[in-house]
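J.: Pasting entry19.txt below, which is compact mmCIF, C-alpha atoms.
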# COMPACT_ATOMS: atom_id res chain seq x y z
CA MET A 1 10.33 165.45 12.49
CA LYS A 2 11.07 167.37 15.66
CA ARG A 3 11.29 170.93 16.85
CA SER A 4 14.60 172.60 16.41
CA LEU A 5 16.65 173.15 19.51
CA LEU A 6 17.59 176.75 19.94
CA THR A 7 19.56 177.63 16.85
CA LEU A 8 20.98 181.00 16.02
CA PHE A 9 22.01 181.61 12.45
CA PHE A 10 23.57 184.78 11.12
CA LEU A 11 24.39 185.75 7.57
CA PHE A 12 25.90 189.18 7.09
CA PHE A 13 25.95 190.27 3.51
CA VAL A 14 24.80 193.95 3.28
CA ALA A 15 25.24 196.46 0.51
CA SER A 16 26.07 199.33 2.82
CA ALA A 17 28.00 201.27 0.22
CA PHE A 18 24.82 201.52 -1.84
CA ALA A 19 22.21 201.81 0.89
CA GLN A 20 21.93 205.57 0.37
CA ASP A 21 20.54 205.07 -3.13
CA ALA A 22 18.28 202.11 -2.21
CA PRO A 23 17.93 200.96 -5.84
CA LYS A 24 14.76 199.17 -6.79
CA GLY A 25 16.60 196.73 -9.07
CA ALA A 26 19.34 194.33 -8.05
CA PHE A 27 22.86 195.69 -7.75
CA VAL A 28 25.37 193.17 -9.07
CA GLU A 29 28.25 192.90 -6.63
CA GLY A 30 31.73 193.57 -7.91
CA LYS A 31 34.89 191.53 -8.21
CA GLY A 32 36.14 191.95 -4.67
CA LYS A 33 36.89 189.14 -2.23
CA LYS A 34 34.11 187.08 -0.71
CA ILE A 35 34.87 186.36 2.94
CA ALA A 36 32.92 184.16 5.34
CA VAL A 37 33.06 183.08 8.98
CA LEU A 38 30.92 180.00 9.67
CA VAL A 39 30.28 178.82 13.23
CA GLY A 40 28.33 175.68 14.13
CA VAL A 41 28.02 174.37 17.70
CA ASN A 42 26.50 170.92 18.27
CA ASP A 43 28.31 169.41 21.24
CA TYR A 44 27.81 171.84 24.09
CA GLN A 45 29.70 170.88 27.23
CA ASN A 46 27.19 172.29 29.74
CA MET A 47 23.98 172.86 27.76
CA ARG A 48 21.50 170.91 25.67
CA LYS A 49 23.32 169.46 22.66
CA LEU A 50 22.18 170.27 19.14
CA ARG A 51 21.96 167.85 16.22
CA TYR A 52 21.99 169.89 13.03
CA ALA A 53 23.87 173.15 13.68
CA LYS A 54 27.02 171.76 12.09
CA ASN A 55 25.01 170.46 9.12
CA ASP A 56 23.50 173.91 8.64
CA VAL A 57 26.95 175.48 8.48
CA ASN A 58 28.35 172.80 6.17
CA ALA A 59 25.43 173.12 3.74
CA ILE A 60 25.92 176.88 3.53
CA ARG A 61 29.68 176.45 3.10
CA GLU A 62 29.24 174.15 0.10
CA GLN A 63 26.96 176.64 -1.61
CA LEU A 64 29.34 179.50 -0.89
CA TYR A 65 32.12 177.64 -2.66
CA LYS A 66 29.84 177.20 -5.66
CA ILE A 67 28.94 180.89 -5.88
CA GLY A 68 32.50 182.15 -5.82
CA PHE A 69 33.82 182.15 -2.25
CA GLU A 70 37.44 181.00 -2.30
CA LYS A 71 38.31 178.32 0.23
CA GLU A 72 41.12 180.35 1.80
CA ASN A 73 38.60 183.10 2.64
CA VAL A 74 36.04 180.81 4.30
CA PHE A 75 36.74 180.29 8.02
CA ARG A 76 34.79 177.53 9.76
CA LEU A 77 34.54 176.81 13.49
CA VAL A 78 32.71 173.59 14.39
CA CYS A 79 32.83 170.85 17.01
CA GLY A 80 35.03 167.85 16.39
CA GLU A 81 37.93 169.80 14.88
CA ALA A 82 41.40 170.79 16.09
CA MET A 83 41.58 173.24 19.01
CA ALA A 84 42.18 176.23 16.74
CA GLU A 85 39.00 175.43 14.82
CA LEU A 86 36.68 174.78 17.77
CA PRO A 87 33.82 177.27 18.34
CA THR A 88 35.14 178.62 21.64
CA LYS A 89 34.39 182.20 22.67
CA GLU A 90 38.00 183.23 22.05
CA ASN A 91 38.11 181.58 18.61
CA ILE A 92 34.76 183.03 17.53
CA ILE A 93 35.71 186.60 18.47
CA SER A 94 39.24 186.42 17.06
CA THR A 95 38.09 184.83 13.78
CA ILE A 96 35.39 187.45 13.25
CA LYS A 97 37.87 190.24 13.98
CA HIS A 98 40.31 188.72 11.48
CA ALA A 99 37.62 188.55 8.78
CA VAL A 100 36.55 192.14 9.49
CA GLU A 101 40.14 193.34 9.13
CA LEU A 102 40.61 191.29 5.97
CA ALA A 103 37.55 192.74 4.24
CA LYS A 104 38.06 195.93 2.22
CA ASP A 105 35.89 198.26 0.17
CA GLY A 106 34.23 196.28 -2.61
CA ASP A 107 34.46 192.97 -0.72
CA MET A 108 31.63 190.83 0.60
CA LEU A 109 31.52 189.62 4.21
CA LEU A 110 29.38 186.77 5.49
CA ILE A 111 29.16 185.66 9.11
CA ALA A 112 27.05 182.56 9.80
CA MET A 113 26.53 181.21 13.31
CA ALA A 114 24.48 178.16 14.28
CA GLY A 115 24.01 177.24 17.93
CA HIS A 116 22.23 178.23 21.12
CA GLY A 117 21.36 181.82 21.82
CA VAL A 118 20.28 183.37 25.13
CA GLU A 119 19.19 186.68 26.51
CA ALA A 120 21.12 187.32 29.72
CA ASN A 121 19.68 189.06 32.77
CA ASP A 122 21.22 192.32 31.51
CA GLY A 123 18.84 192.14 28.55
CA GLU A 124 21.62 191.56 26.01
CA SER A 125 21.35 188.81 23.41
CA ARG A 126 24.33 186.43 23.35
CA PHE A 127 25.62 183.55 21.23
CA CYS A 128 26.67 180.49 23.24
CA SER A 129 30.12 179.12 22.54
CA VAL A 130 30.92 175.46 23.05
CA GLU A 131 32.16 176.03 26.61
CA THR A 132 29.31 178.31 27.78
CA GLN A 133 28.53 177.94 31.48
CA PRO A 134 24.83 178.53 32.30
CA ASP A 135 25.85 180.10 35.62
CA SER A 136 28.50 182.33 33.99
CA LEU A 137 26.78 183.63 30.89
CA MET A 138 28.32 187.09 31.06
CA THR A 139 31.86 185.73 30.68
CA THR A 140 31.36 182.58 28.58
CA THR A 141 29.10 183.83 25.77
CA VAL A 142 29.65 186.12 22.77
CA PRO A 143 27.53 189.32 22.95
CA ILE A 144 25.65 189.73 19.69
CA ASN A 145 26.09 193.50 19.95
CA GLU A 146 29.83 192.90 19.80
CA ILE A 147 29.32 191.14 16.48
CA PHE A 148 27.08 193.98 15.31
CA ASP A 149 29.73 196.53 16.25
CA ALA A 150 32.42 194.63 14.34
CA VAL A 151 30.25 194.34 11.25
CA GLY A 152 29.35 198.01 11.49
CA ARG A 153 33.06 198.94 11.46
CA CYS A 154 33.88 196.58 8.62
CA LYS A 155 34.91 198.23 5.35
CA ALA A 156 33.29 195.56 3.19
CA SER A 157 30.74 196.94 0.75
CA PHE A 158 28.35 194.00 0.98
CA LYS A 159 26.75 192.68 4.20
CA LEU A 160 23.34 191.08 5.26
CA MET A 161 21.99 189.54 8.45
CA MET A 162 19.72 186.52 8.83
CA ILE A 163 18.79 184.92 12.14
CA ASP A 164 17.43 181.42 12.73
CA ALA A 165 16.29 181.25 16.37
CA CYS A 166 13.74 178.95 17.93
CA ARG A 167 12.23 179.03 21.43
CA ASP A 168 13.45 175.79 22.99
CA ASP A 169 15.17 175.64 26.37
CA PRO A 170 18.97 175.24 26.14
CA PHE A 171 19.24 174.81 29.93
CA ARG A 172 17.11 171.66 30.29
CA GLY A 173 14.72 173.66 32.45
CA ARG A 174 17.36 174.94 34.90
CA ALA A 175 16.86 178.41 36.32
CA THR A 176 19.86 180.46 35.26
CA PHE A 177 19.81 183.80 37.03
CA GLY A 178 16.89 185.10 34.99
CA ALA A 179 18.36 184.22 31.57
CA LYS A 180 15.97 183.14 28.82
CA THR A 181 16.14 182.05 25.22
CA ILE A 182 16.27 184.75 22.54
CA ASP A 183 12.88 185.94 21.36
CA THR A 184 13.77 188.59 18.80
CA ILE A 185 16.92 190.47 17.84
CA ASP A 186 16.56 194.13 16.96
CA ASN A 187 18.76 196.99 15.84
CA PRO A 188 20.89 195.37 13.12
CA PRO A 189 23.85 197.45 11.93
CA GLU A 190 22.96 200.50 9.86
CA GLY A 191 22.37 199.65 6.22
CA ALA A 192 21.61 196.01 6.97
CA LEU A 193 18.67 193.86 5.99
CA LEU A 194 17.58 191.46 8.74
CA LEU A 195 15.79 188.22 7.89
CA GLN A 196 14.62 186.25 10.93
CA SER A 197 13.61 182.59 10.89
CA CYS A 198 10.24 183.19 12.55
CA ALA A 199 8.13 185.85 14.18
CA LYS A 200 7.81 186.44 17.88
CA GLY A 201 5.93 183.63 19.59
CA GLU A 202 6.58 181.09 16.81
CA MET A 203 8.85 178.04 16.85
CA SER A 204 11.80 177.54 14.52
CA LEU A 205 11.72 173.92 13.37
CA GLU A 206 14.22 171.36 12.15
CA ASP A 207 13.61 168.50 9.77
CA ASP A 208 14.88 164.97 10.36
CA ASP A 209 14.55 164.22 6.64
CA PHE A 210 16.67 167.24 5.71
CA LYS A 211 19.00 166.74 8.69
CA GLN A 212 18.91 170.55 9.02
CA GLY A 213 16.82 173.36 10.37
CA ILE A 214 14.25 174.12 7.69
CA PHE A 215 15.13 177.83 7.56
CA SER A 216 18.82 177.21 6.89
CA TYR A 217 17.99 174.33 4.56
CA PHE A 218 16.06 176.66 2.27
CA ILE A 219 18.79 179.31 2.48
CA ALA A 220 21.26 176.78 1.07
CA GLU A 221 18.73 175.52 -1.47
CA GLY A 222 17.91 179.05 -2.58
CA LEU A 223 21.58 179.90 -3.04
CA SER A 224 21.99 176.75 -5.13
CA GLY A 225 19.84 178.40 -7.78
CA LYS A 226 16.31 177.46 -6.82
CA ALA A 227 15.66 181.07 -5.82
CA ALA A 228 16.93 182.35 -9.17
CA ASN A 229 14.90 184.81 -11.23
CA LYS A 230 14.25 184.40 -14.96
CA GLU A 231 17.73 185.77 -15.69
CA GLY A 232 19.25 183.05 -13.53
CA GLN A 233 20.27 185.47 -10.76
CA VAL A 234 19.79 184.85 -7.05
CA THR A 235 19.15 188.28 -5.56
CA LEU A 236 19.02 189.15 -1.89
CA LEU A 237 15.31 189.90 -1.90
CA GLY A 238 14.59 186.98 -4.21
CA LEU A 239 16.33 184.67 -1.76
CA ALA A 240 14.35 186.15 1.13
CA ASP A 241 11.05 185.62 -0.72
CA TYR A 242 12.01 182.03 -1.50
CA VAL A 243 13.06 181.22 2.08
CA ILE A 244 9.95 182.82 3.59
CA ASP A 245 7.59 180.91 1.31
CA LYS A 246 9.34 177.53 1.53
CA THR A 247 9.84 177.70 5.31
CA ARG A 248 6.20 178.60 5.90
CA ARG A 249 4.99 175.70 3.76
CA ARG A 250 7.38 173.13 5.20
CA ALA A 251 6.62 174.08 8.79
CA PHE A 252 2.93 173.46 8.18
CA GLU A 253 3.71 170.10 6.53
CA LEU A 254 5.81 169.01 9.51
CA GLU A 255 3.68 170.09 12.45
CA THR A 256 0.76 172.13 11.10
CA ARG A 257 2.15 175.16 12.93
CA ARG A 258 3.23 178.62 11.81
CA GLN A 259 6.82 179.52 11.10
CA VAL A 260 7.01 182.56 8.88
CA PRO A 261 10.39 184.31 8.53
CA TYR A 262 10.20 188.07 8.19
CA ILE A 263 12.34 190.98 7.07
CA LYS A 264 13.27 194.22 8.76
CA GLY A 265 15.78 196.90 7.86
CA GLU A 266 16.78 198.64 4.63
CA LEU A 267 15.54 196.81 1.54
CA THR A 268 18.63 197.27 -0.62
CA ASN A 269 18.81 194.55 -3.26
CA PHE A 270 21.83 193.00 -4.97
CA VAL A 271 22.87 189.80 -6.70
CA LEU A 272 24.23 187.07 -4.45
CA ALA A 273 24.83 184.44 -7.10
CA GLU A 274 24.52 183.77 -10.80
CA SER A 275 22.75 180.44 -11.17
CA GLN A 276 23.56 178.10 -14.04
CA PHE A 277 19.85 177.33 -14.35
CA THR A 278 16.72 179.43 -14.47
CA PRO A 279 13.65 178.33 -12.49
CA ALA A 280 12.12 176.95 -15.71
CA GLU A 281 15.25 174.89 -16.36
CA ARG A 282 15.28 173.63 -12.79
CA GLU A 283 11.70 172.54 -13.25
CA GLN A 284 12.82 170.40 -16.20
CA ILE A 285 15.64 168.95 -14.11
CA GLU A 286 13.27 168.09 -11.29
CA LYS A 287 10.84 166.42 -13.71
CA PHE A 288 13.66 164.36 -15.20
CA VAL A 289 14.99 163.28 -11.80
CA ALA A 290 11.48 162.38 -10.68
CA LYS A 291 11.13 160.12 -13.73
CA TRP A 292 14.62 158.62 -14.01
CA GLY A 293 16.38 159.32 -10.72
CA SER A 294 19.90 160.76 -10.37
CA ASN A 295 22.09 157.64 -10.16
CA LEU A 296 24.68 158.16 -12.90
CA ASN A 297 25.45 154.43 -12.93
CA ARG A 298 21.89 153.51 -13.81
CA ARG A 299 21.23 151.89 -17.19
CA ILE A 300 17.79 152.20 -18.76
CA GLY A 301 15.74 149.97 -21.05
CA GLU A 302 16.67 147.37 -23.64
CA TYR A 303 19.34 149.61 -25.12
CA ASP A 304 21.09 150.01 -21.77
CA ARG A 305 21.12 153.80 -22.01
CA THR A 306 22.66 156.08 -19.39
CA LEU A 307 20.84 159.00 -17.83
CA LEU A 308 22.75 161.31 -20.15
CA HIS A 309 21.47 159.38 -23.18
CA GLU A 310 17.94 160.01 -21.91
CA ALA A 311 18.69 163.65 -21.13
CA ALA A 312 20.11 164.21 -24.62
CA ALA A 313 16.62 163.56 -25.98
CA TRP A 314 14.98 165.59 -23.21
CA ASP A 315 16.50 168.98 -22.48
CA VAL A 316 19.83 170.80 -22.54
CA ALA A 317 19.51 171.98 -18.93
CA VAL A 318 19.17 168.38 -17.76
CA SER A 319 22.19 167.43 -19.85
CA LYS A 320 24.23 170.24 -18.29
CA TYR A 321 23.10 169.20 -14.84
CA LEU A 322 24.14 165.57 -15.35
CA VAL A 323 27.52 166.47 -16.83
CA ALA A 324 28.15 168.77 -13.88
CA GLN A 325 27.42 165.77 -11.64
CA GLY A 326 30.01 163.69 -13.51
CA ALA A 327 28.07 162.03 -16.35
CA ASP A 328 30.30 160.66 -19.14
CA VAL A 329 29.72 162.38 -22.50
CA HIS A 330 31.50 159.46 -24.22
CA ALA A 331 29.28 156.72 -22.72
CA ARG A 332 27.81 154.20 -25.14
CA CYS A 333 24.65 152.14 -24.92
CA ASN A 334 24.54 148.57 -26.18
CA ASP A 335 24.01 149.61 -29.82
CA GLY A 336 27.12 151.78 -29.59
CA ALA A 337 25.34 155.13 -29.69
CA THR A 338 26.69 158.06 -27.67
CA PRO A 339 24.65 160.87 -26.07
CA LEU A 340 25.62 163.11 -29.01
CA TYR A 341 24.25 160.53 -31.45
CA ARG A 342 20.98 160.49 -29.51
CA ALA A 343 20.77 164.30 -29.46
CA ALA A 344 21.25 164.30 -33.25
CA ALA A 345 18.57 161.64 -33.64
CA TRP A 346 16.07 163.72 -31.70
CA GLY A 347 17.01 166.99 -33.39
CA LYS A 348 18.20 168.57 -30.13
CA LEU A 349 20.53 171.24 -31.50
CA ASP A 350 21.14 172.93 -28.15
CA VAL A 351 22.06 169.60 -26.54
CA ALA A 352 24.37 168.75 -29.45
CA LYS A 353 26.13 172.10 -29.10
CA PHE A 354 26.59 171.56 -25.38
CA LEU A 355 27.93 168.01 -25.74
CA VAL A 356 30.42 169.09 -28.40
CA SER A 357 31.56 171.89 -26.10
CA GLN A 358 32.25 169.14 -23.56
CA LYS A 359 34.55 167.34 -26.05
CA ALA A 360 32.06 164.74 -27.23
CA ASN A 361 33.48 162.83 -30.22
CA ILE A 362 31.73 164.19 -33.26
CA GLU A 363 32.59 161.11 -35.37
CA ALA A 364 31.66 158.46 -32.79
CA GLY A 365 29.35 156.07 -34.64
CA ASN A 366 27.10 153.31 -33.41
CA LYS A 367 27.77 149.61 -34.00
CA ASN A 368 26.70 150.01 -37.62
CA GLY A 369 29.16 152.87 -38.12
CA ALA A 370 26.43 155.52 -38.36
CA THR A 371 27.74 158.86 -37.09
CA PRO A 372 25.69 161.66 -35.48
CA LEU A 373 25.67 163.41 -38.87
CA TYR A 374 24.33 160.26 -40.51
CA ILE A 375 21.37 159.93 -38.13
CA ALA A 376 20.62 163.65 -38.44
CA ALA A 377 20.57 163.24 -42.23
CA GLN A 378 18.32 160.20 -42.00
CA LEU A 379 15.76 162.02 -39.86
CA GLY A 380 15.95 165.38 -41.61
CA HIS A 381 17.41 167.51 -38.80
CA VAL A 382 19.09 170.07 -41.05
CA ASP A 383 20.01 172.51 -38.27
CA VAL A 384 21.85 169.74 -36.39
CA ALA A 385 23.59 168.63 -39.60
CA LYS A 386 24.75 172.20 -40.31
CA PHE A 387 26.16 172.48 -36.80
CA LEU A 388 28.01 169.16 -37.01
CA VAL A 389 29.50 170.06 -40.39
CA SER A 390 30.57 173.45 -39.01
CA LYS A 391 32.50 171.48 -36.37
CA LYS A 392 34.28 169.50 -39.11
CA ALA A 393 32.12 166.39 -39.15
CA ASN A 394 33.03 164.20 -42.13
CA VAL A 395 30.21 164.78 -44.59
CA ASN A 396 31.13 161.61 -46.48
CA ALA A 397 31.75 159.25 -43.56
CA LYS A 398 30.55 155.75 -44.46
CA THR A 399 28.68 153.22 -42.37
CA ASN A 400 29.82 149.61 -42.15
CA SER A 401 27.68 148.90 -45.21
CA GLY A 402 29.26 151.78 -47.15
CA HIS A 403 26.46 154.34 -47.02
CA THR A 404 27.06 158.10 -46.57
CA PRO A 405 24.79 160.72 -45.00
CA LEU A 406 23.72 161.78 -48.51
CA ASP A 407 22.79 158.20 -49.37
CA ILE A 408 20.48 157.89 -46.38
CA ALA A 409 19.00 161.35 -47.00
CA LYS A 410 18.10 160.24 -50.55
CA ASP A 411 16.71 156.95 -49.28
CA GLN A 412 14.45 158.81 -46.82
CA ASN A 413 13.54 161.49 -49.37
CA GLN A 414 14.85 164.31 -47.14
CA THR A 415 14.77 166.98 -49.84
CA GLU A 416 16.17 169.90 -47.82
CA MET A 417 18.89 167.70 -46.34
CA ILE A 418 19.88 166.46 -49.80
CA ARG A 419 20.31 170.02 -51.04
CA TYR A 420 22.36 170.99 -48.00
CA LEU A 421 24.67 167.96 -48.08
CA ARG A 422 25.34 168.42 -51.78
CA SER A 423 26.17 172.09 -51.12
CA VAL A 424 28.96 171.07 -48.70
CA GLY A 425 30.44 168.30 -50.85
CA GLY A 426 28.30 165.33 -49.93
CA ARG A 427 28.52 162.37 -52.23
Would you kindly transcribe this structure into structure tokens?

T.:
Amino acid sequence: MKRSLLTLFFLFFVASAFAQDAPKGAFVEGKGKKIAVLVGVNDYQNMRKLRYAKNDVNAIREQLYKIGFEKENVFRLVCGEAMAELPTKENIISTIKHAVELAKDGDMLLIAMAGHGVEANDGESRFCSVETQPDSLMTTTVPINEIFDAVGRCKASFKLMMIDACRDDPFRGRATFGAKTIDTIDNPPEGALLLQSCAKGEMSLEDDDFKQGIFSYFIAEGLSGKAANKEGQVTLLGLADYVIDKTRRRAFELETRRQVPYIKGELTNFVLAESQFTPAEREQIEKFVAKWGSNLNRRIGEYDRTLLHEAAAWDVAVSKYLVAQGADVHARCNDGATPLYRAAAWGKLDVAKFLVSQKANIEAGNKNGATPLYIAAQLGHVDVAKFLVSKKANVNAKTNSGHTPLDIAKDQNQTEMIRYLRSVGGR
């Protein structure tokens, strides 16, 4: 784990149209476009190279796609791409201007920039493009105030600013006409909330395990849903709280030093993303992954079960998570049982409902021909049986030995199940 090289990271989201009211609750953004400009500079031509600026941008981009940003409205400038997509000064300015012009009332604008930042001898903070010349900072860097001005003119209703800046030397110790690394950035556009990666005098760190700066890592992680409230919403202030806490803790783990992001500006709150999982559900997912891992090809135990088989007996959130990752709802273990069969065996009604919604075969039996309804009848899970029958499960399906769900319910003396199966035509 090493210190981050000077990294500047901006996110402009801001609810300027609603800043006058400053609501205490979270304003849910509308159905307008979500527009983003993402800039990551690793391979500086004349300055200290960075390792993880591009990773920071890519991690944010992937989360933006997941929370509703359309690919055609996400503009990325990074090293190693075609000339039109390189993070040159001209490309950075022109791309930001294009995004500003594209954004209209009701839209959301995000501008994220990862790379070196300097304060020139005129006192102005500047973002360093890939071709920045240390001896020509005034003409080869992008003035941050120019970005502020553009964002201030933008008609988008939603904007926010976050800055990830550390205090390392981008010049390899060269004297550069009085220039220095950025310490703090003040005066965000009116109506904006500013979240900075660390306070004055602290160091912004990067993590070799994460392959990112820790501040931007937790931004992406928070947007993924880990910063969600009990309603499953990731709000602006909720994300800020999450990033501040996680960054502070991780910095101490890495180097036992302080890095505490902080907020300044107007504390207008609004919803950035609707997470599929609440924090409680994510806790269940994390427990499951800690126990069984996340390799979808893994087979478990003497029955050769998949992770989804295990999840079907565990929790619906874990089942949803695995299916979203590509788990097969039709997979069978070596006794022929499917995940739906296992959910029925364990009486997991919510899991059964989810698997059926994912087109799980309601009549898929095990090697003995026992269907999910049969095992639910055997074990007395009446609520699961009612659901399966409501989805047209064959109430009189026979096993290989000719037994029906009612037969096994009688054999196991499942009184309530017997009454129910008879009421729906069981024989």

J.: Here is a test: counting only C-alpha atoms, which residue of A:Ile96, A:Leu50, A:Ala36, A:Val151 is nearest to Glu62 of chain A?

T.: A:Ala36

J.: So how far away is atom CA of Leu137 of chain A from atom CA of Asn121 of chain A, in Å?

T.: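 Distance reported for this atom pair: 9.1 Å.
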
J.: Just how far from atom CA of Leu296 of chain A is atom CA of Ala364 of chain A, in Å to one decimal?

T.: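 Separating atom CA of Ala364 of chain A from atom CA of Leu296 of chain A is a distance of 21.1 Å.
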
J.: Which neighbours of segment 39-47 of chain A fall inside 10 Å, counting all atoms listed in the file, when residues of the same chain fewer than 3 positions from it are skipped, and could you give them as number ranges by chain?

T.: A: 7-10, 36, 50-58, 75-80, 85-88, 91-92, 95, 111-116, 128-135, 169-172, 174

J.: Could you tell me how far atom CA of Ile147 of chain A lies from atom CA of Lys97 of chain A, in Å and to one decimal?

T.: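 Spanning atom CA of Ile147 of chain A to atom CA of Lys97 of chain A is a straight-line distance of 9.0 Å.
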